[in-house]
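S.K.: One file: target_20.txt (compact mmCIF, C-alpha atoms and all ligand atoms).
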```
# COMPACT_ATOMS: atom_id res chain seq x y z
CA MET A 1 0.00 0.00 0.00
CA ASP A 2 1.17 3.56 -0.67
CA THR A 3 2.36 5.44 2.42
CA LEU A 4 2.21 9.17 2.83
CA MET A 5 5.00 10.78 4.84
CA TYR A 6 3.14 12.93 7.36
CA ILE A 7 5.23 14.87 9.89
CA ASN A 8 2.86 15.64 12.76
CA GLU A 9 2.77 18.60 15.18
CA ASN A 10 4.57 16.70 17.97
CA ARG A 11 7.44 15.79 15.67
CA VAL A 12 7.61 19.34 14.28
CA ARG A 13 7.75 20.71 17.85
CA GLU A 14 10.69 18.42 18.66
CA LEU A 15 12.60 19.78 15.67
CA LEU A 16 11.95 23.49 16.16
CA ASP A 17 14.74 25.68 17.53
CA TRP A 18 14.63 29.50 17.73
CA ASP A 19 18.07 30.18 16.27
CA LYS A 20 17.44 27.95 13.26
CA VAL A 21 13.93 29.32 12.73
CA PHE A 22 15.24 32.89 12.84
CA GLU A 23 17.99 32.10 10.30
CA VAL A 24 15.62 30.34 7.90
CA THR A 25 13.02 33.11 8.16
CA GLU A 26 15.57 35.88 7.67
CA LYS A 27 16.94 34.10 4.57
CA ALA A 28 13.43 33.68 3.15
CA MET A 29 12.72 37.40 3.69
CA GLU A 30 16.00 38.26 1.99
CA ALA A 31 15.24 35.88 -0.91
CA VAL A 32 12.06 37.86 -1.60
CA ALA A 33 14.08 41.04 -2.07
CA ARG A 34 16.70 39.27 -4.20
CA ASN A 35 14.05 37.85 -6.57
CA ARG A 36 14.79 34.30 -5.50
CA ALA A 37 11.23 33.68 -4.39
CA ILE A 38 8.08 32.97 -6.35
CA GLN A 39 4.75 33.64 -4.67
CA ASN A 40 1.57 35.43 -5.58
CA ALA A 41 -0.87 37.12 -3.28
CA ARG A 42 -2.49 34.17 -1.49
CA SER A 43 -6.07 33.17 -1.95
CA VAL A 44 -8.26 34.12 1.02
CA THR A 45 -11.72 32.58 1.00
CA ASP A 46 -14.35 34.07 3.26
CA LEU A 47 -16.28 31.13 4.73
CA ASN A 48 -18.69 33.44 6.61
CA GLN A 49 -19.02 33.89 10.38
CA SER A 50 -15.43 35.25 10.37
CA ASN A 51 -14.03 31.89 9.24
CA LEU A 52 -11.29 32.09 6.60
CA LEU A 53 -9.35 29.69 4.40
CA PHE A 54 -5.91 30.76 3.17
CA VAL A 55 -4.09 28.92 0.35
CA MET A 56 -0.42 29.86 0.05
CA PRO A 57 1.73 28.32 -2.72
CA GLY A 58 5.35 29.31 -3.21
CA ARG A 59 8.80 28.39 -4.37
CA LEU A 60 12.14 29.36 -2.90
CA ASN A 61 14.99 29.22 -5.41
CA ASP A 62 18.10 28.29 -3.53
CA ASN A 63 20.84 25.84 -4.54
CA ASP A 64 21.09 24.29 -1.08
CA ASN A 65 17.70 24.90 0.45
CA GLY A 66 15.29 25.24 -2.47
CA ALA A 67 11.71 24.41 -1.63
CA LEU A 68 8.38 24.12 -3.36
CA GLY A 69 5.26 23.98 -1.25
CA CYS A 70 1.73 25.02 -0.56
CA LYS A 71 0.30 25.82 2.87
CA ILE A 72 -3.39 25.55 3.60
CA VAL A 73 -4.58 27.44 6.68
CA SER A 74 -8.02 27.41 8.23
CA TYR A 75 -8.91 30.19 10.68
CA PHE A 76 -12.05 29.47 12.72
CA PRO A 77 -11.82 32.07 15.52
CA GLN A 78 -14.72 30.58 17.50
CA ASN A 79 -12.95 27.21 17.98
CA THR A 80 -12.50 26.34 21.63
CA ASN A 81 -11.46 22.67 21.76
CA LEU A 82 -9.27 22.98 18.67
CA PRO A 83 -6.87 25.83 17.89
CA PRO A 84 -8.60 28.67 15.97
CA LEU A 85 -5.81 28.55 13.37
CA MET A 86 -4.67 25.21 11.92
CA ALA A 87 -2.34 24.62 9.00
CA ASN A 88 -0.62 21.96 6.90
CA ILE A 89 2.05 22.26 4.22
CA VAL A 90 2.31 20.06 1.13
CA LEU A 91 6.05 19.88 0.36
CA MET A 92 7.13 18.92 -3.15
CA ASP A 93 10.42 18.09 -4.79
CA ASP A 94 11.79 21.36 -6.06
CA ALA A 95 13.19 19.82 -9.26
CA THR A 96 10.31 17.55 -10.30
CA GLY A 97 7.21 18.73 -8.43
CA ALA A 98 6.72 15.24 -6.96
CA LEU A 99 5.09 15.08 -3.52
CA GLN A 100 7.60 14.66 -0.67
CA ALA A 101 5.63 15.03 2.53
CA VAL A 102 2.70 16.66 4.23
CA ILE A 103 3.86 18.61 7.26
CA ALA A 104 1.70 19.83 10.13
CA ALA A 105 2.16 23.58 10.14
CA THR A 106 0.21 25.10 13.02
CA GLU A 107 3.39 25.40 15.11
CA ILE A 108 5.41 26.32 12.03
CA THR A 109 3.02 29.20 11.33
CA ALA A 110 3.30 30.47 14.90
CA TRP A 111 7.08 30.19 15.07
CA ARG A 112 7.90 31.67 11.68
CA THR A 113 5.49 34.59 12.21
CA ALA A 114 7.14 35.46 15.52
CA ALA A 115 10.57 34.98 13.94
CA ALA A 116 9.60 37.37 11.10
CA SER A 117 8.70 39.97 13.75
CA ALA A 118 12.06 39.34 15.43
CA VAL A 119 13.84 39.88 12.10
CA ALA A 120 11.89 43.12 11.49
CA THR A 121 12.67 44.30 15.03
CA LYS A 122 16.37 43.52 14.50
CA TYR A 123 16.50 45.76 11.41
CA LEU A 124 14.20 48.53 12.68
CA HIS A 125 14.65 48.73 16.48
CA ASN A 126 17.62 46.78 17.74
CA GLU A 127 18.58 48.88 20.75
CA ASN A 128 17.19 50.04 24.11
CA ASN A 129 14.44 47.44 24.00
CA LYS A 130 13.25 47.44 27.59
CA ILE A 131 9.45 47.19 27.36
CA LEU A 132 7.52 44.96 25.00
CA ALA A 133 3.73 45.37 24.78
CA ILE A 134 1.52 42.69 23.28
CA ILE A 135 -2.11 43.26 22.30
CA GLY A 136 -4.01 39.97 22.43
CA ALA A 137 -3.42 36.75 24.39
CA GLY A 138 -3.97 34.02 21.79
CA ALA A 139 -1.49 31.79 19.97
CA GLN A 140 0.39 34.61 18.23
CA ALA A 141 0.58 36.69 21.41
CA LYS A 142 2.10 33.82 23.36
CA ILE A 143 4.66 32.85 20.72
CA HIS A 144 5.68 36.50 20.25
CA ALA A 145 6.22 36.86 24.02
CA VAL A 146 8.46 33.79 23.99
CA CYS A 147 10.33 34.61 20.79
CA LEU A 148 10.95 38.34 21.32
CA SER A 149 12.04 37.83 24.93
CA TYR A 150 14.46 35.17 23.67
CA PHE A 151 16.10 37.45 21.08
CA PHE A 152 15.97 40.86 22.85
CA LYS A 153 16.80 41.95 26.40
CA PHE A 154 13.35 43.10 27.50
CA GLU A 155 12.93 43.80 31.21
CA GLU A 156 9.15 43.69 31.03
CA VAL A 157 6.64 42.11 28.66
CA ARG A 158 3.10 43.47 29.07
CA VAL A 159 -0.03 41.81 27.74
CA TRP A 160 -3.47 43.31 27.24
CA ASN A 161 -6.42 41.20 26.15
CA ARG A 162 -10.14 41.88 25.61
CA ASN A 163 -10.79 39.00 27.99
CA GLU A 164 -8.51 40.06 30.85
CA GLU A 165 -8.57 36.67 32.58
CA ARG A 166 -6.91 35.13 29.55
CA ALA A 167 -4.10 37.73 29.68
CA MET A 168 -3.58 36.96 33.37
CA LYS A 169 -3.46 33.25 32.66
CA LEU A 170 -0.91 33.75 29.89
CA VAL A 171 1.45 35.90 31.97
CA ALA A 172 1.19 33.46 34.90
CA GLU A 173 2.17 30.65 32.55
CA LEU A 174 5.11 32.63 31.11
CA ASN A 175 6.37 33.70 34.57
CA ASP A 176 6.09 30.12 35.89
CA ASP A 177 7.94 28.79 32.89
CA GLY A 178 11.05 30.62 34.12
CA LYS A 179 12.85 30.37 30.76
CA SER A 180 13.08 34.14 30.35
CA LYS A 181 14.67 36.62 32.76
CA CYS A 182 12.04 39.28 32.04
CA ARG A 183 8.84 40.01 33.96
CA PHE A 184 5.50 39.26 32.28
CA THR A 185 2.56 41.42 33.42
CA ALA A 186 -1.11 41.75 32.45
CA CYS A 187 -2.60 45.22 31.89
CA GLY A 188 -6.14 46.47 32.41
CA SER A 189 -6.20 48.82 29.40
CA VAL A 190 -4.51 49.11 26.00
CA GLN A 191 -3.26 52.56 26.97
CA SER A 192 -1.48 51.35 30.11
CA CYS A 193 -0.08 48.39 28.19
CA VAL A 194 1.52 50.45 25.40
CA ALA A 195 2.68 53.43 27.52
CA ASP A 196 6.49 53.72 27.19
CA ALA A 197 6.67 50.50 25.17
CA ASP A 198 9.73 50.28 22.92
CA VAL A 199 8.32 47.45 20.83
CA LEU A 200 4.69 46.52 20.34
CA VAL A 201 2.91 43.56 18.75
CA THR A 202 -0.73 43.62 17.69
CA THR A 203 -2.21 40.16 17.27
CA THR A 204 -6.00 40.52 17.29
CA GLY A 205 -7.01 41.16 13.67
CA ALA A 206 -9.83 43.25 15.24
CA ASP A 207 -12.21 45.16 12.96
CA ASP A 208 -12.29 48.05 15.42
CA THR A 209 -9.43 50.35 16.37
CA LEU A 210 -7.55 49.48 19.55
CA LEU A 211 -4.39 51.58 19.27
CA LYS A 212 -4.24 55.39 19.34
CA LEU A 213 -1.31 57.58 18.26
CA GLU A 214 -1.26 59.72 21.42
CA TRP A 215 -0.57 56.67 23.59
CA LEU A 216 2.64 55.70 21.79
CA LYS A 217 6.31 56.49 22.25
CA GLN A 218 7.65 58.56 19.33
CA ASP A 219 10.00 55.83 18.16
CA VAL A 220 8.09 52.69 19.05
CA HIS A 221 8.44 49.77 16.64
CA ILE A 222 5.17 47.95 15.94
CA ASN A 223 4.91 44.43 14.56
CA ALA A 224 1.35 44.39 13.21
CA VAL A 225 0.60 40.69 12.97
CA GLY A 226 -3.21 40.53 13.12
CA VAL A 227 -4.65 39.76 9.70
CA SER A 228 -8.34 39.67 8.79
CA LEU A 229 -10.50 40.92 5.94
CA ASN A 230 -11.38 44.12 7.80
CA CYS A 231 -8.44 44.43 10.15
CA ARG A 232 -8.30 47.93 11.69
CA GLU A 233 -6.66 47.25 15.05
CA ILE A 234 -4.28 50.20 14.53
CA ASP A 235 -5.75 53.68 14.03
CA ASP A 236 -5.19 55.34 10.62
CA GLU A 237 -3.47 58.26 12.39
CA VAL A 238 -0.77 55.88 13.63
CA TYR A 239 -0.10 54.66 10.08
CA LYS A 240 -0.01 58.23 8.78
CA ALA A 241 2.62 59.16 11.38
CA SER A 242 4.78 56.07 10.77
CA ASN A 243 7.28 54.53 8.37
CA VAL A 244 5.51 51.38 7.26
CA TYR A 245 7.32 48.25 5.97
CA ILE A 246 5.84 45.10 4.50
CA ASP A 247 6.95 41.50 3.96
CA HIS A 248 6.06 41.22 0.24
CA TRP A 249 4.64 43.54 -2.38
CA GLU A 250 2.33 40.95 -3.97
CA GLY A 251 0.49 40.37 -0.71
CA ALA A 252 0.51 44.02 0.34
CA ARG A 253 -1.10 45.22 -2.90
CA ASP A 254 -3.89 42.70 -2.41
CA GLU A 255 -4.51 42.65 1.35
CA LEU A 256 -3.44 46.13 2.44
CA LYS A 257 -5.61 48.15 0.05
CA HIS A 258 -7.23 49.85 3.04
CA LEU A 259 -3.84 51.39 3.88
CA LEU A 260 -3.07 52.35 0.27
CA ASP A 261 -6.53 53.95 0.13
CA ILE A 262 -5.68 56.33 3.00
CA GLY A 263 -2.43 57.32 1.26
CA ILE A 264 0.09 55.14 3.10
CA GLN A 265 3.19 54.57 1.01
CA PHE A 266 5.12 51.51 2.08
CA LYS A 267 8.85 52.17 2.49
CA GLY A 268 9.77 48.69 1.27
CA GLN A 269 10.07 45.06 2.26
CA ILE A 270 11.96 43.83 5.32
CA GLY A 271 14.08 41.85 2.81
CA ASP A 272 15.16 45.17 1.22
CA LEU A 273 16.46 46.28 4.63
CA ILE A 274 18.30 42.96 5.00
CA CYS A 275 19.93 43.38 1.56
CA GLY A 276 20.77 47.00 2.33
CA SER A 277 18.94 48.29 -0.76
CA ILE A 278 16.94 50.54 1.58
CA LYS A 279 17.96 51.99 4.95
CA PRO A 280 15.94 52.28 8.15
CA PRO A 281 14.62 55.82 8.88
CA SER A 282 17.44 58.18 9.86
CA GLU A 283 15.15 60.33 12.05
CA LYS A 284 13.38 59.13 15.18
CA SER A 285 9.99 57.82 14.05
CA ILE A 286 7.39 55.16 14.65
CA THR A 287 8.03 52.13 12.46
CA ILE A 288 5.48 49.47 11.57
CA PHE A 289 6.15 46.03 10.16
CA GLU A 290 2.87 45.08 8.50
CA SER A 291 3.20 41.29 8.60
CA LEU A 292 0.92 39.32 6.32
CA GLY A 293 2.91 36.09 6.38
CA MET A 294 4.55 34.61 3.29
CA ALA A 295 4.34 31.29 1.50
CA VAL A 296 8.11 31.23 1.00
CA GLU A 297 8.69 31.47 4.76
CA ASP A 298 6.56 28.32 5.04
CA CYS A 299 8.44 26.62 2.18
CA ALA A 300 11.76 27.35 3.89
CA MET A 301 10.45 26.05 7.22
CA ALA A 302 8.99 22.93 5.61
CA ARG A 303 12.30 22.18 3.90
CA MET A 304 14.14 22.62 7.23
CA ILE A 305 11.73 20.35 9.13
CA TYR A 306 11.74 17.70 6.39
CA ASP A 307 15.56 17.61 6.24
CA LEU A 308 15.90 17.45 10.04
CA HIS A 309 13.24 14.74 10.26
CA VAL A 310 14.91 12.62 7.58
CA GLU A 311 18.36 13.12 9.11
CA LYS A 312 17.32 12.41 12.70
CA SER A 313 15.06 9.46 11.99
CA ASN A 314 17.52 7.73 9.64
CA VAL A 315 14.86 7.67 6.96
CA THR A 316 16.54 5.98 4.00
CA ASP A 317 13.67 5.99 1.54
CA LYS A 318 12.75 9.64 1.12
CA ARG A 319 9.99 8.94 -1.35
CA VAL A 320 6.59 9.85 -0.05
CA VAL A 321 4.93 6.95 -1.79
CA LYS A 322 6.54 3.56 -1.07
N1 LIG A 401 1.05 37.82 10.00
C1 LIG A 401 1.06 36.50 9.98
O1 LIG A 401 1.94 35.89 9.37
C2 LIG A 401 0.01 35.76 10.70
C3 LIG A 401 -1.07 36.41 11.21
N2 LIG A 401 -2.03 35.74 11.91
C4 LIG A 401 -3.15 36.53 12.41
O2 LIG A 401 -2.92 36.79 13.78
C5 LIG A 401 -4.16 36.96 14.46
C6 LIG A 401 -4.15 36.12 15.72
O3 LIG A 401 -4.03 34.76 15.43
P1 LIG A 401 -4.00 33.71 16.62
O4 LIG A 401 -3.19 34.24 17.74
O5 LIG A 401 -3.66 32.41 16.03
O6 LIG A 401 -5.53 33.75 17.04
P2 LIG A 401 -6.20 33.43 18.46
O7 LIG A 401 -7.63 33.16 18.15
O8 LIG A 401 -5.41 32.43 19.19
O9 LIG A 401 -6.11 34.82 19.26
C7 LIG A 401 -6.86 35.92 18.85
C8 LIG A 401 -6.69 37.05 19.86
O10 LIG A 401 -7.29 38.22 19.34
C9 LIG A 401 -8.23 38.72 20.28
N3 LIG A 401 -9.34 39.34 19.57
C10 LIG A 401 -10.06 38.82 18.55
N4 LIG A 401 -10.97 39.71 18.10
C11 LIG A 401 -10.82 40.82 18.86
C12 LIG A 401 -11.48 42.09 18.90
N5 LIG A 401 -12.47 42.38 18.05
N6 LIG A 401 -11.06 43.00 19.80
C13 LIG A 401 -10.06 42.72 20.65
N7 LIG A 401 -9.40 41.53 20.68
C14 LIG A 401 -9.79 40.60 19.79
C15 LIG A 401 -8.66 37.52 21.10
O11 LIG A 401 -9.16 37.99 22.34
P3 LIG A 401 -10.14 37.11 23.29
O12 LIG A 401 -9.25 36.19 24.07
O13 LIG A 401 -10.79 38.16 24.14
O14 LIG A 401 -11.09 36.41 22.39
C16 LIG A 401 -7.33 36.77 21.21
O15 LIG A 401 -6.51 37.34 22.20
C17 LIG A 401 -5.23 36.62 13.45
O16 LIG A 401 -5.75 37.83 12.95
C18 LIG A 401 -4.50 35.85 12.38
O17 LIG A 401 -5.09 36.03 11.10
C19 LIG A 401 -1.92 34.42 12.18
C20 LIG A 401 -0.86 33.72 11.68
C21 LIG A 401 0.17 34.31 10.89
O1 LIG A 402 0.72 33.70 6.94
C1 LIG A 402 -0.17 32.98 7.41
O2 LIG A 402 -0.07 31.76 7.52
C2 LIG A 402 -1.40 33.63 7.85
N1 LIG A 402 -1.54 34.92 7.86
C3 LIG A 402 -2.84 35.30 8.31
C4 LIG A 402 -3.49 34.05 8.72
C5 LIG A 402 -2.57 32.95 8.30
```
Starting from the file, lay out its structure as structure tokens.

M.R.:
Amino acid sequence: MDTLMYINENRVRELLDWDKVFEVTEKAMEAVARNRAIQNARSVTDLNQSNLLFVMPGRLNDNDNGALGCKIVSYFPQNTNLPPLMANIVLMDDATGALQAVIAATEITAWRTAAASAVATKYLHNENNKILAIIGAGAQAKIHAVCLSYFFKFEEVRVWNRNEERAMKLVAELNDDGKSKCRFTACGSVQSCVADADVLVTTTGADDTLLKLEWLKQDVHINAVGVSLNCREIDDEVYKASNVYIDHWEGARDELKHLLDIGIQFKGQIGDLICGSIKPPSEKSITIFESLGMAVEDCAMARMIYDLHVEKSNVTDKRVVK
């Protein structure tokens, strides 16, 4: 009988490591700027009741780590027993297009999204990072707290959530974990959460505005991670006062029309900063990384997980169908 190589979430979790994930994500972002990546704007299907289906095909052209894949993501925000966001990647042979494996990608999506924010923060705000503020307390909020406190020397990580109990539960979990030296605290209002923050992450995808310009430090860096069809979690005035960067033009033209419509001109892709073809702002200013998430980040992650899995399990027959 034919056997499909499926690498499940538990196995993926065993193979994930922040330094490797950062390196792979940074290279994928750079590849976009160097025209070594093929990806279109993804397809986003509105399934009603806020449920969405994202289909994200891409190819990373790289002699050593080339990858061809397609991620399928379902986002059902009302899920309680299952995660609201679940994903799988179909990985194919880069040279022939033949199927290699199906890889569980819920953890991959969380880790590479947080790593992309870490890369953006490295290029846009890599000093005096004392206070991190996170808006939301779901999967992305948690992974950003873990990832950004791993890569930067924050003294305090603050969390605000619509449901305050959930924020308190998250910070208790992060403090108990003891892996990070910083203090995790829950805040009762968005304003108190973001006051004096050096770096901020928005993870709600909310249709209504949560973040006001007058509450922010003049040079705060914002990783805007929440994505939804009507996402407005950051006030237009904040965008108008900021230097805004994106991950890829194809996605931005399609999914960030609401920002183009109010006259926001994107400064460039994070990959352009990595390549040095553009420079970060020379004057003190608010910077925003408008993170949509890219298929080629997923391709790069899938390739990494597949190679590690094959290497560590002594898999001799790499064919998916045996
Ligand atoms: N940029 C990227 O690459 C990626 C972006 N995303 C996006 O990130 C966002 C979060 O995903 P994930 O963490 O997995 O989702 P979760 O469902 O785990 O968390 C969602 C969070 O947003 C809060 N929230 C939802 N709606 C509102 C609202 N109207 N006002 C205030 N808070 C709200 C929830 O609060 P409460 O607890 O009160 O319900 C919860 O804290 C989504 O928009 C998703 O599309 C996801 C993956 C990758
Ligand atoms: O990049 C990604 O996987 C996603 N971005 C928004 C929801 C899923």

S.K.: Write out as a Markdown table the residues of chain A that have any atom within 6 Å of an atom of ligand LIG 401 (chain A), one row each with the nearest atom pair and its distance in Å to one decimal, counting all atoms listed in the file, sorted by chain and then rising number.

M.R.:
```
| residue | atom | partner | partner_atom | distance |
| --- | --- | --- | --- | --- |
| A:Pro77 | CA | A:LIG401 | O7 | 5.1 |
| A:Pro84 | CA | A:LIG401 | O7 | 5.1 |
| A:Leu85 | CA | A:LIG401 | O5 | 5.2 |
| A:Thr109 | CA | A:LIG401 | C21 | 5.9 |
| A:Thr113 | CA | A:LIG401 | O1 | 4.7 |
| A:Gly136 | CA | A:LIG401 | O15 | 3.6 |
| A:Ala137 | CA | A:LIG401 | O15 | 3.8 |
| A:Gly138 | CA | A:LIG401 | O8 | 3.4 |
| A:Ala139 | CA | A:LIG401 | O4 | 3.7 |
| A:Gln140 | CA | A:LIG401 | O4 | 3.6 |
| A:Ala141 | CA | A:LIG401 | O4 | 5.8 |
| A:Asn161 | CA | A:LIG401 | O15 | 5.5 |
| A:Arg162 | CA | A:LIG401 | O13 | 4.1 |
| A:Asn163 | CA | A:LIG401 | O13 | 3.9 |
| A:Thr203 | CA | A:LIG401 | C5 | 4.7 |
| A:Thr204 | CA | A:LIG401 | O10 | 3.3 |
| A:Gly205 | CA | A:LIG401 | O16 | 3.6 |
| A:Ala206 | CA | A:LIG401 | N5 | 4.0 |
| A:Asp207 | CA | A:LIG401 | N5 | 5.8 |
| A:Val225 | CA | A:LIG401 | N1 | 4.2 |
| A:Gly226 | CA | A:LIG401 | O16 | 3.7 |
| A:Val227 | CA | A:LIG401 | O16 | 3.9 |
| A:Ser228 | CA | A:LIG401 | O16 | 5.2 |
| A:Ser291 | CA | A:LIG401 | N1 | 4.3 |
| A:Leu292 | CA | A:LIG401 | N1 | 4.0 |
| A:Gly293 | CA | A:LIG401 | O1 | 3.1 |
```

S.K.: Could you name the residues that touch A:Ile131 at 8 Å or less, counting all atoms listed in the file, but leaving out those on the same chain fewer than 2 positions away, as a CSV table (one decimal) with C-alpha atoms, in the coordinates of the input?

M.R.:
```csv
chain,number,residue,atom,x,y,z
A,129,ASN,CA,14.4,47.4,24.0
A,133,ALA,CA,3.7,45.4,24.8
A,154,PHE,CA,13.4,43.1,27.5
A,155,GLU,CA,12.9,43.8,31.2
A,156,GLU,CA,9.2,43.7,31.0
A,157,VAL,CA,6.6,42.1,28.7
A,158,ARG,CA,3.1,43.5,29.1
A,196,ASP,CA,6.5,53.7,27.2
A,197,ALA,CA,6.7,50.5,25.2
A,198,ASP,CA,9.7,50.3,22.9
A,199,VAL,CA,8.3,47.4,20.8
```

S.K.: Using all atoms listed in the file, what are the residues with an atom within 10 Å of ligand LIG 402 (chain A), set out as a VMD selection string?

M.R.: chain A and resid 42 44 52 to 56 71 to 75 85 to 88 105 to 106 108 to 110 112 to 113 205 225 to 229 291 to 298

S.K.: Using all atoms listed in the file, can you tell me which of A:Glu173, A:Asn35, A:Ser43, A:Lys217 comes closest to A:Trp249?

M.R.: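 Checking each of A:Glu173, A:Asn35, A:Ser43, A:Lys217 against A:Trp249, counting all atoms listed in the file, the winner is A:Asn35.
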
S.K.: Would you place a box with edges along x, y and z of the file around all atoms of stretch 55-70 of chain A listed there, add 8 Å to each of its six sides, and report the centre and edge lengths in Å to one decimal, as lines of an AutoDock Vina configuration file?

M.R.:
```
center_x = 8.5
center_y = 26.9
center_z = -2.5
size_x = 41.2
size_y = 21.9
size_z = 21.9
```

S.K.: Skip A:Asn40 itself and residues of its chain fewer than 6 positions away, then list as a ChimeraX atom specification all residues within 8 Å of it, counting all atoms listed in the file.

M.R.: /A:57-58,250-251

S.K.: Export, as a tab-separated table (two decimals), keeping the file's coordinate frame, the selected residues with C-alpha atoms.

M.R.:
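Writing done, so here's result07.tsv:
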```
chain	number	residue	atom	x	y	z
A	57	PRO	CA	1.73	28.32	-2.72
A	58	GLY	CA	5.35	29.31	-3.21
A	250	GLU	CA	2.33	40.95	-3.97
A	251	GLY	CA	0.49	40.37	-0.71
```

S.K.: Smallest atom-to-atom distance to A:Trp111: which of A:Gly178, A:Ala98, A:Lys20, A:Asn65, using only C-alpha atoms?

M.R.: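 Nearest candidate to A:Trp111 out of A:Gly178, A:Ala98, A:Lys20, A:Asn65: A:Lys20.
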
S.K.: Looking at A:Trp160, A:Tyr239, A:Tyr245, A:Phe289, which one is nearest to A:Ile222, with distances taken over all atoms listed in the file?

M.R.: A:Phe289

S.K.: Up to 12 Å from (8.4, 43.4, 19.5) in the file's coordinates: name the residues, counting only C-alpha atoms, as a count of residues only.

M.R.: 58

S.K.: Show which residues sit within 6 Å of A:Glu233, as a list in words. Count only C-alpha atoms, and ignore same-chain residues fewer than 3 positions away.

M.R.: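 Here the qualifying residues turn out to be Ala206, Asp208, Thr209 and Leu210 of chain A.
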
S.K.: Which is closest to A:Cys70 among A:Ala28, A:Ala302, A:Val238, A:Val21, if we use all atoms listed in the file?

M.R.: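 Residue with the minimum atom-to-atom distance to A:Cys70: A:Ala302.
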
S.K.: Which of these residues is nearest to A:Ile7, using only C-alpha atoms: A:Asp176, A:Asp219, A:Glu165, A:Glu107?

M.R.: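 Of A:Asp176, A:Asp219, A:Glu165, A:Glu107, the one nearest A:Ile7 is A:Glu107, counting only C-alpha atoms.
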
S.K.: Would you mind telling me which residue in A:Ala195, A:Val90, A:Ala101, A:Leu60 lies nearest to A:Val24 when using only C-alpha atoms?

M.R.: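 When distances to A:Val24 are compared using only C-alpha atoms, the smallest one comes from A:Leu60.
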
S.K.: Which residues are near A:Val244? Cut-off 9 Å, only C-alpha atoms, ignore same chain within fewer than 6 positions. Put them as an MDAnalysis selection string.

M.R.: chainID A and resid 264:268 286:290

S.K.: As an exercise, work out the distance from atom CA of A:Cys193 to atom CA of A:Leu170 in Å and give it to one decimal place.

M.R.: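 Going from atom CA of A:Cys193 over to atom CA of A:Leu170, I get 14.8 Å.
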
S.K.: Please compute the atom CA of A:Phe22-atom CA of A:Ile89 distance, one decimal, in Å.

M.R.: 19.0 Å

S.K.: Counting all atoms listed in the file, find the residues whose atoms lie at most 12 Å from (11.5, 17.5, 17.7) (file coordinates) and write them out as a short mmCIF file (atom, residue, chain, number, x, y, z; two decimals) with C-alpha atoms, keeping the file's coordinate frame.

M.R.:
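What landed in out-v5.cif:
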```
data_model
loop_
_atom_site.label_atom_id
_atom_site.label_comp_id
_atom_site.auth_asym_id
_atom_site.auth_seq_id
_atom_site.Cartn_x
_atom_site.Cartn_y
_atom_site.Cartn_z
CA ILE A 7 5.23 14.87 9.89
CA ASN A 8 2.86 15.64 12.76
CA GLU A 9 2.77 18.60 15.18
CA ASN A 10 4.57 16.70 17.97
CA ARG A 11 7.44 15.79 15.67
CA VAL A 12 7.61 19.34 14.28
CA ARG A 13 7.75 20.71 17.85
CA GLU A 14 10.69 18.42 18.66
CA LEU A 15 12.60 19.78 15.67
CA LEU A 16 11.95 23.49 16.16
CA ASP A 17 14.74 25.68 17.53
CA GLU A 107 3.39 25.40 15.11
CA MET A 304 14.14 22.62 7.23
CA ILE A 305 11.73 20.35 9.13
CA TYR A 306 11.74 17.70 6.39
CA LEU A 308 15.90 17.45 10.04
CA HIS A 309 13.24 14.74 10.26
CA VAL A 310 14.91 12.62 7.58
CA GLU A 311 18.36 13.12 9.11
CA LYS A 312 17.32 12.41 12.70
CA SER A 313 15.06 9.46 11.99
#
```
